[in-house]
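Printed here is coords_26.tsv (TSV, N, CA and C atoms):
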chain	number	residue	atom	x	y	z
I	107	MET	N	0.86	-1.17	0.00
I	107	MET	CA	0.00	0.00	0.00
I	107	MET	C	0.90	1.23	0.00
I	108	PRO	N	0.73	2.10	-0.96
I	108	PRO	CA	1.60	3.28	-1.04
I	108	PRO	C	1.46	4.17	0.19
I	109	SER	N	2.59	4.75	0.60
I	109	SER	CA	2.56	5.61	1.79
I	109	SER	C	1.71	6.85	1.57
I	110	GLN	N	1.59	7.32	0.32
I	110	GLN	CA	0.75	8.49	0.05
I	110	GLN	C	-0.70	8.19	0.42
I	111	THR	N	-1.14	6.97	0.14
I	111	THR	CA	-2.52	6.59	0.46
I	111	THR	C	-2.73	6.58	1.96
I	112	LEU	N	-1.77	6.02	2.69
I	112	LEU	CA	-1.89	6.00	4.15
I	112	LEU	C	-1.82	7.40	4.73
I	113	THR	N	-0.96	8.24	4.19
I	113	THR	CA	-0.85	9.61	4.66
I	113	THR	C	-2.18	10.33	4.45
I	114	ARG	N	-2.77	10.14	3.28
I	114	ARG	CA	-4.07	10.78	3.00
I	114	ARG	C	-5.13	10.29	3.99
I	115	LEU	N	-5.09	9.01	4.29
I	115	LEU	CA	-6.05	8.44	5.24
I	115	LEU	C	-5.86	9.05	6.63
I	116	CYS	N	-4.63	9.13	7.08
I	116	CYS	CA	-4.34	9.67	8.42
I	116	CYS	C	-4.56	11.17	8.50
I	117	ASP	N	-4.41	11.87	7.39
I	117	ASP	CA	-4.56	13.32	7.39
I	117	ASP	C	-5.97	13.78	7.09
I	118	ALA	N	-6.91	12.86	6.98
I	118	ALA	CA	-8.29	13.24	6.67
I	118	ALA	C	-8.79	14.23	7.71
I	119	SER	N	-9.27	15.37	7.22
I	119	SER	CA	-9.76	16.40	8.14
I	119	SER	C	-11.29	16.44	8.18
I	120	SER	N	-11.93	15.56	7.43
I	120	SER	CA	-13.39	15.48	7.45
I	120	SER	C	-13.79	14.03	7.22
I	121	PRO	N	-14.99	13.66	7.65
I	121	PRO	CA	-15.43	12.30	7.40
I	121	PRO	C	-15.48	11.98	5.91
I	122	GLN	N	-15.81	12.97	5.09
I	122	GLN	CA	-15.86	12.73	3.64
I	122	GLN	C	-14.47	12.37	3.12
I	123	GLN	N	-13.44	13.08	3.57
I	123	GLN	CA	-12.07	12.76	3.14
I	123	GLN	C	-11.68	11.37	3.62
I	124	LEU	N	-12.09	11.00	4.82
I	124	LEU	CA	-11.79	9.67	5.35
I	124	LEU	C	-12.43	8.60	4.47
I	125	VAL	N	-13.70	8.76	4.15
I	125	VAL	CA	-14.41	7.78	3.32
I	125	VAL	C	-13.77	7.71	1.93
I	126	GLU	N	-13.47	8.84	1.35
I	126	GLU	CA	-12.82	8.86	0.03
I	126	GLU	C	-11.46	8.16	0.08
I	127	SER	N	-10.71	8.36	1.15
I	127	SER	CA	-9.41	7.71	1.30
I	127	SER	C	-9.57	6.20	1.45
I	128	LEU	N	-10.58	5.79	2.22
I	128	LEU	CA	-10.83	4.36	2.38
I	128	LEU	C	-11.23	3.73	1.05
I	129	GLU	N	-12.04	4.44	0.27
I	129	GLU	CA	-12.48	3.93	-1.03
I	129	GLU	C	-11.31	3.80	-2.00
I	130	ALA	N	-10.26	4.60	-1.81
I	130	ALA	CA	-9.09	4.55	-2.69
I	130	ALA	C	-8.12	3.42	-2.34
I	131	LEU	N	-8.29	2.82	-1.15
I	131	LEU	CA	-7.40	1.74	-0.74
I	131	LEU	C	-7.63	0.49	-1.58
I	132	GLU	N	-6.55	-0.18	-1.89
I	132	GLU	CA	-6.63	-1.47	-2.57
I	132	GLU	C	-6.13	-2.51	-1.59
I	133	ILE	N	-7.06	-3.22	-0.97
I	133	ILE	CA	-6.72	-4.19	0.06
I	133	ILE	C	-7.08	-5.57	-0.44
I	134	ASP	N	-6.11	-6.47	-0.38
I	134	ASP	CA	-6.31	-7.84	-0.84
I	134	ASP	C	-6.81	-8.69	0.33
I	135	ASP	N	-8.10	-8.57	0.60
I	135	ASP	CA	-8.73	-9.30	1.70
I	135	ASP	C	-10.15	-9.63	1.28
I	136	LEU	N	-10.57	-10.84	1.53
I	136	LEU	CA	-11.90	-11.27	1.10
I	136	LEU	C	-13.02	-10.46	1.72
I	137	ASP	N	-12.82	-9.95	2.93
I	137	ASP	CA	-13.86	-9.21	3.63
I	137	ASP	C	-13.88	-7.72	3.31
I	138	TRP	N	-12.80	-7.20	2.70
I	138	TRP	CA	-12.69	-5.76	2.52
I	138	TRP	C	-13.81	-5.18	1.67
I	139	ALA	N	-14.17	-5.84	0.59
I	139	ALA	CA	-15.23	-5.30	-0.28
I	139	ALA	C	-16.53	-5.11	0.50
I	140	GLY	N	-16.88	-6.08	1.34
I	140	GLY	CA	-18.09	-5.97	2.15
I	140	GLY	C	-17.98	-4.87	3.19
I	141	ASP	N	-16.80	-4.77	3.82
I	141	ASP	CA	-16.57	-3.72	4.82
I	141	ASP	C	-16.67	-2.34	4.17
I	142	LEU	N	-16.03	-2.20	3.02
I	142	LEU	CA	-16.06	-0.93	2.31
I	142	LEU	C	-17.47	-0.57	1.87
I	143	GLN	N	-18.24	-1.57	1.48
I	143	GLN	CA	-19.63	-1.31	1.08
I	143	GLN	C	-20.43	-0.80	2.27
I	144	GLN	N	-20.21	-1.36	3.44
I	144	GLN	CA	-20.92	-0.89	4.64
I	144	GLN	C	-20.53	0.54	4.99
I	145	ILE	N	-19.25	0.86	4.85
I	145	ILE	CA	-18.80	2.23	5.12
I	145	ILE	C	-19.45	3.18	4.13
I	146	SER	N	-19.43	2.81	2.86
I	146	SER	CA	-20.02	3.66	1.82
I	146	SER	C	-21.52	3.84	2.02
I	147	ASP	N	-22.21	2.76	2.37
I	147	ASP	CA	-23.65	2.84	2.64
I	147	ASP	C	-23.94	3.75	3.83
I	148	ALA	N	-23.14	3.62	4.89
I	148	ALA	CA	-23.31	4.47	6.07
I	148	ALA	C	-23.06	5.92	5.70
I	149	TRP	N	-22.06	6.18	4.87
I	149	TRP	CA	-21.75	7.55	4.47
I	149	TRP	C	-22.90	8.15	3.66
I	150	ARG	N	-23.42	7.39	2.70
I	150	ARG	CA	-24.55	7.90	1.91
I	150	ARG	C	-25.76	8.17	2.79
I	151	SER	N	-26.01	7.30	3.73
I	151	SER	CA	-27.12	7.49	4.66
I	151	SER	C	-26.89	8.75	5.51
I	152	PHE	N	-25.66	8.95	5.95
I	152	PHE	CA	-25.29	10.13	6.74
I	152	PHE	C	-25.51	11.41	5.94
I	153	ILE	N	-25.07	11.42	4.69
I	153	ILE	CA	-25.25	12.59	3.83
I	153	ILE	C	-26.73	12.91	3.64
I	154	ASP	N	-27.53	11.86	3.44
I	154	ASP	CA	-28.97	12.05	3.23
I	154	ASP	C	-29.67	12.64	4.45
I	155	ARG	N	-29.15	12.33	5.65
I	155	ARG	CA	-29.84	12.71	6.88
I	155	ARG	C	-29.21	13.88	7.64
I	156	THR	N	-28.05	14.35	7.19
I	156	THR	CA	-27.31	15.33	7.98
I	156	THR	C	-26.99	16.56	7.14
I	157	PRO	N	-27.34	17.76	7.63
I	157	PRO	CA	-26.96	18.96	6.90
I	157	PRO	C	-25.44	19.08	6.79
I	158	GLN	N	-24.96	19.66	5.73
I	158	GLN	CA	-23.52	19.74	5.49
I	158	GLN	C	-22.79	20.40	6.66
I	159	SER	N	-23.39	21.38	7.28
I	159	SER	CA	-22.74	22.09	8.39
I	159	SER	C	-22.53	21.20	9.62
I	160	ALA	N	-23.24	20.07	9.70
I	160	ALA	CA	-23.14	19.18	10.86
I	160	ALA	C	-22.37	17.90	10.54
I	161	ARG	N	-21.69	17.84	9.41
I	161	ARG	CA	-20.99	16.61	9.01
I	161	ARG	C	-19.59	16.55	9.60
I	162	SER	N	-19.54	16.28	10.89
I	162	SER	CA	-18.27	16.17	11.60
I	162	SER	C	-17.97	14.71	11.88
I	163	PHE	N	-16.74	14.43	12.31
I	163	PHE	CA	-16.38	13.06	12.68
I	163	PHE	C	-17.28	12.56	13.81
I	164	THR	N	-17.54	13.42	14.78
I	164	THR	CA	-18.38	13.03	15.91
I	164	THR	C	-19.78	12.65	15.45
I	165	GLU	N	-20.38	13.49	14.61
I	165	GLU	CA	-21.72	13.19	14.12
I	165	GLU	C	-21.74	11.93	13.25
I	166	PHE	N	-20.68	11.74	12.46
I	166	PHE	CA	-20.60	10.52	11.62
I	166	PHE	C	-20.49	9.29	12.51
I	167	ARG	N	-19.70	9.39	13.58
I	167	ARG	CA	-19.58	8.25	14.51
I	167	ARG	C	-20.93	7.94	15.14
I	168	TYR	N	-21.65	8.97	15.59
I	168	TYR	CA	-22.98	8.75	16.17
I	168	TYR	C	-23.93	8.13	15.14
I	169	HIS	N	-23.83	8.60	13.92
I	169	HIS	CA	-24.68	8.05	12.86
I	169	HIS	C	-24.38	6.57	12.64
I	170	ILE	N	-23.10	6.21	12.62
I	170	ILE	CA	-22.73	4.81	12.41
I	170	ILE	C	-23.25	3.95	13.56
I	171	VAL	N	-23.14	4.46	14.78
I	171	VAL	CA	-23.67	3.71	15.93
I	171	VAL	C	-25.16	3.46	15.75
I	172	ARG	N	-25.89	4.50	15.37
I	172	ARG	CA	-27.33	4.32	15.14
I	172	ARG	C	-27.58	3.42	13.95
I	173	TYR	N	-26.78	3.56	12.91
I	173	TYR	CA	-26.91	2.78	11.68
I	173	TYR	C	-26.68	1.29	11.94
I	174	GLN	N	-25.80	0.98	12.87
I	174	GLN	CA	-25.43	-0.41	13.13
I	174	GLN	C	-26.14	-1.02	14.33
I	175	ARG	N	-27.09	-0.31	14.90
I	175	ARG	CA	-27.76	-0.89	16.07
I	175	ARG	C	-28.26	-2.28	15.74
I	176	GLY	N	-28.23	-3.10	16.69
I	176	GLY	CA	-28.61	-4.49	16.49
I	176	GLY	C	-27.60	-5.37	17.20
I	177	ASN	N	-27.34	-6.51	16.67
I	177	ASN	CA	-26.43	-7.47	17.28
I	177	ASN	C	-25.00	-6.98	17.12
I	178	PRO	N	-24.27	-6.75	18.21
I	178	PRO	CA	-22.90	-6.27	18.10
I	178	PRO	C	-21.96	-7.29	17.46
I	179	LEU	N	-22.41	-8.53	17.32
I	179	LEU	CA	-21.58	-9.54	16.68
I	179	LEU	C	-21.78	-9.59	15.16
I	180	ASP	N	-22.72	-8.80	14.64
I	180	ASP	CA	-22.92	-8.75	13.20
I	180	ASP	C	-21.65	-8.25	12.53
I	181	LEU	N	-21.44	-8.69	11.29
I	181	LEU	CA	-20.30	-8.23	10.52
I	181	LEU	C	-20.39	-6.73	10.29
I	182	GLY	N	-19.25	-6.08	10.19
I	182	GLY	CA	-19.27	-4.66	9.89
I	182	GLY	C	-18.09	-3.93	10.49
I	183	VAL	N	-17.99	-2.69	10.14
I	183	VAL	CA	-16.93	-1.82	10.65
I	183	VAL	C	-17.47	-1.07	11.86
I	184	ARG	N	-16.67	-0.99	12.89
I	184	ARG	CA	-17.07	-0.28	14.11
I	184	ARG	C	-16.10	0.86	14.36
I	185	LEU	N	-16.61	2.00	14.77
I	185	LEU	CA	-15.78	3.11	15.23
I	185	LEU	C	-15.98	3.19	16.74
I	186	LEU	N	-14.91	2.88	17.47
I	186	LEU	CA	-15.00	2.81	18.93
I	186	LEU	C	-13.83	3.52	19.57
I	187	THR	N	-14.04	3.94	20.79
I	187	THR	CA	-12.92	4.41	21.58
I	187	THR	C	-12.16	3.17	22.05
I	188	VAL	N	-10.92	3.38	22.48
I	188	VAL	CA	-10.11	2.27	22.99
I	188	VAL	C	-10.81	1.64	24.19
I	189	HIS	N	-11.35	2.48	25.07
I	189	HIS	CA	-11.99	1.97	26.27
I	189	HIS	C	-13.28	1.21	25.93
I	190	LYS	N	-14.02	1.67	24.96
I	190	LYS	CA	-15.26	1.00	24.56
I	190	LYS	C	-14.96	-0.37	23.93
I	191	ALA	N	-13.82	-0.48	23.26
I	191	ALA	CA	-13.45	-1.72	22.58
I	191	ALA	C	-12.82	-2.74	23.52
I	192	GLN	N	-12.47	-2.32	24.73
I	192	GLN	CA	-11.79	-3.21	25.67
I	192	GLN	C	-12.59	-4.48	25.87
I	193	GLY	N	-11.90	-5.61	25.77
I	193	GLY	CA	-12.54	-6.91	25.97
I	193	GLY	C	-13.12	-7.49	24.70
I	194	SER	N	-13.13	-6.74	23.62
I	194	SER	CA	-13.66	-7.24	22.35
I	194	SER	C	-12.51	-7.77	21.49
I	195	GLU	N	-12.86	-8.59	20.52
I	195	GLU	CA	-11.86	-9.10	19.60
I	195	GLU	C	-12.23	-8.69	18.19
I	196	PHE	N	-11.22	-8.28	17.42
I	196	PHE	CA	-11.44	-7.84	16.05
I	196	PHE	C	-10.39	-8.46	15.15
I	197	LYS	N	-10.75	-8.65	13.89
I	197	LYS	CA	-9.82	-9.18	12.90
I	197	LYS	C	-8.70	-8.18	12.64
I	198	SER	N	-9.05	-6.91	12.57
I	198	SER	CA	-8.05	-5.86	12.38
I	198	SER	C	-8.53	-4.59	13.06
I	199	VAL	N	-7.56	-3.74	13.39
I	199	VAL	CA	-7.86	-2.51	14.12
I	199	VAL	C	-7.01	-1.38	13.53
I	200	ALA	N	-7.60	-0.22	13.37
I	200	ALA	CA	-6.86	0.98	12.98
I	200	ALA	C	-7.04	2.01	14.09
I	201	VAL	N	-5.95	2.52	14.60
I	201	VAL	CA	-5.99	3.53	15.64
I	201	VAL	C	-5.71	4.87	14.97
I	202	VAL	N	-6.68	5.77	15.04
I	202	VAL	CA	-6.58	7.05	14.35
I	202	VAL	C	-6.28	8.16	15.34
I	203	ALA	N	-5.39	9.05	14.97
I	203	ALA	CA	-5.05	10.24	15.77
I	203	ALA	C	-4.52	9.90	17.15
I	204	CYS	N	-3.69	8.88	17.22
I	204	CYS	CA	-3.08	8.50	18.49
I	204	CYS	C	-1.68	9.13	18.53
I	205	ASN	N	-1.55	10.21	19.25
I	205	ASN	CA	-0.30	10.96	19.31
I	205	ASN	C	0.51	10.55	20.53
I	206	ASP	N	1.81	10.71	20.40
I	206	ASP	CA	2.72	10.42	21.50
I	206	ASP	C	2.30	11.22	22.73
I	207	GLY	N	2.19	10.55	23.86
I	207	GLY	CA	1.80	11.21	25.10
I	207	GLY	C	0.31	11.13	25.38
I	208	GLN	N	-0.47	10.66	24.41
I	208	GLN	CA	-1.91	10.51	24.63
I	208	GLN	C	-2.26	9.08	25.02
I	209	PHE	N	-1.43	8.13	24.61
I	209	PHE	CA	-1.69	6.74	24.93
I	209	PHE	C	-0.40	6.09	25.31
I	210	PRO	N	-0.23	5.51	26.47
I	210	PRO	CA	-1.28	5.41	27.47
I	210	PRO	C	-1.66	6.77	28.02
I	211	ASP	N	-2.81	6.83	28.63
I	211	ASP	CA	-3.35	8.09	29.14
I	211	ASP	C	-2.32	8.76	30.04
I	212	PHE	N	-2.02	10.01	29.75
I	212	PHE	CA	-1.02	10.76	30.53
I	212	PHE	C	-1.43	10.91	31.98
I	213	ARG	N	-2.71	10.70	32.29
I	213	ARG	CA	-3.17	10.82	33.68
I	213	ARG	C	-2.93	9.54	34.47
I	214	ALA	N	-2.49	8.47	33.79
I	214	ALA	CA	-2.19	7.22	34.50
I	214	ALA	C	-0.84	7.38	35.17
I	215	TYR	N	-0.84	7.73	36.43
I	215	TYR	CA	0.38	8.12	37.13
I	215	TYR	C	0.98	7.02	38.00
I	216	ASP	N	0.22	6.00	38.36
I	216	ASP	CA	0.81	4.94	39.18
I	216	ASP	C	0.89	3.64	38.36
I	217	SER	N	1.59	2.65	38.89
I	217	SER	CA	1.85	1.43	38.13
I	217	SER	C	0.56	0.66	37.82
I	218	GLU	N	-0.42	0.71	38.71
I	218	GLU	CA	-1.69	0.01	38.48
I	218	GLU	C	-2.46	0.66	37.31
I	219	ALA	N	-2.53	1.97	37.32
I	219	ALA	CA	-3.23	2.68	36.24
I	219	ALA	C	-2.52	2.50	34.90
I	220	LEU	N	-1.17	2.52	34.93
I	220	LEU	CA	-0.40	2.30	33.70
I	220	LEU	C	-0.62	0.87	33.18
I	221	ALA	N	-0.64	-0.10	34.08
I	221	ALA	CA	-0.87	-1.48	33.68
I	221	ALA	C	-2.23	-1.63	33.00
I	222	GLU	N	-3.24	-0.96	33.55
I	222	GLU	CA	-4.58	-1.01	32.95
I	222	GLU	C	-4.56	-0.39	31.56
I	223	GLU	N	-3.88	0.74	31.40
I	223	GLU	CA	-3.79	1.40	30.09
I	223	GLU	C	-3.10	0.47	29.08
I	224	TYR	N	-2.02	-0.17	29.49
I	224	TYR	CA	-1.31	-1.06	28.56
I	224	TYR	C	-2.13	-2.29	28.24
I	225	GLU	N	-2.99	-2.73	29.16
I	225	GLU	CA	-3.90	-3.85	28.88
I	225	GLU	C	-4.80	-3.52	27.72
I	226	LEU	N	-5.22	-2.27	27.61
I	226	LEU	CA	-6.10	-1.83	26.53
I	226	LEU	C	-5.43	-1.97	25.17
I	227	SER	N	-4.10	-1.86	25.15
I	227	SER	CA	-3.38	-1.85	23.88
I	227	SER	C	-2.98	-3.25	23.41
I	228	THR	N	-3.29	-4.28	24.18
I	228	THR	CA	-2.90	-5.63	23.75
I	228	THR	C	-4.08	-6.44	23.36

How does the structure come out when it is put into structure tokens?
Amino acid sequence: MPSQTLTRLCDASSPQQLVESLEALEIDDLDWAGDLQQISDAWRSFIDRTPQSARSFTEFRYHIVRYQRGNPLDLGVRLLTVHKAQGSEFKSVAVVACNDGQFPDFRAYDSEALAEEYELST
């Protein structure tokens, strides 16, 4: 995968740029086409229901949560916080906007809190 494609994905400043970057990826995986279709369907649904001025990452995440309500074991792409995903298993994971000093949580000041933070990352 070309680094330009990954850079564009990581530098997405809007949900539309993120979706466009995902659509440009060429991934050799049997499940990717279905995953990409779900992302594209969710995006089209979001556009239909959300005024352009409200199309933020936060609103898109909320829309996906509402869009995917049902059995959490159903196939599909999930946008979750690290803490929300704790204890779940996934075939693959992408961590977006994780900057040095943000993970583990800078507020984890003792060994027990740090151990819990590192548990989240494994």

Two-atom distance - atom CA of Ile133 of chain I, atom CA of Trp149 of chain I (Å):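 About the pair atom CA of Ile133 of chain I and atom CA of Trp149 of chain I: they are 19.6 Å apart.
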
Gap from atom N of Asp137 of chain I to atom C of Val201 of chain I - Å, one decimal: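 Atom N of Asp137 of chain I sits 20.4 Å away from atom C of Val201 of chain I.
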
I:Asp141, I:Asp216, I:Glu195, I:Glu222 ranked by distance to Leu128 of chain I, top pick (using only C-alpha atoms): I:Asp141

Distance in Å - atom CA of Gly182 of chain I versus atom CA of Thr156 of chain I: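 Atom CA of Thr156 of chain I lies at a distance of 21.6 Å from atom CA of Gly182 of chain I.
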
In segment 121-228 of chain I, DSSP alpha helix (DSSP H) residues written as a VMD selection string: chain I and resid 121 to 130 138 to 155 163 to 173 188 to 191 217 to 226

Box for segment 189-205 of chain I: with edges along x, y and z, all listed atoms inside and 3 Å added on each side, what are the centre and edge lengths in Å to one decimal, as lines of an AutoDock Vina configuration file?
center_x = -7.4
center_y = 0.9
center_z = 19.3
size_x = 21.8
size_y = 26.1
size_z = 19.9

Residue nearest Phe152 of chain I - candidates I:Ala219, I:Ile170, I:Leu115, I:Leu131, atoms counted: only N, CA and C atoms: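 That would be I:Ile170, the residue with the smallest distance to Phe152 of chain I.
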
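Distance annotation: of I:Ala214, I:Ile145, I:Cys204, I:Ala221, the residue with the minimal separation from Pro121 of chain I is I:Ile145; atom set is only C-alpha atoms.
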
Among the residues I:Gln143, I:Asn205, I:Thr164, I:Thr187, the one that comes closest to Ser120 of chain I [using only C-alpha atoms]: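 Going through I:Gln143, I:Asn205, I:Thr164, I:Thr187 one by one, the smallest distance to Ser120 of chain I is for I:Thr164.
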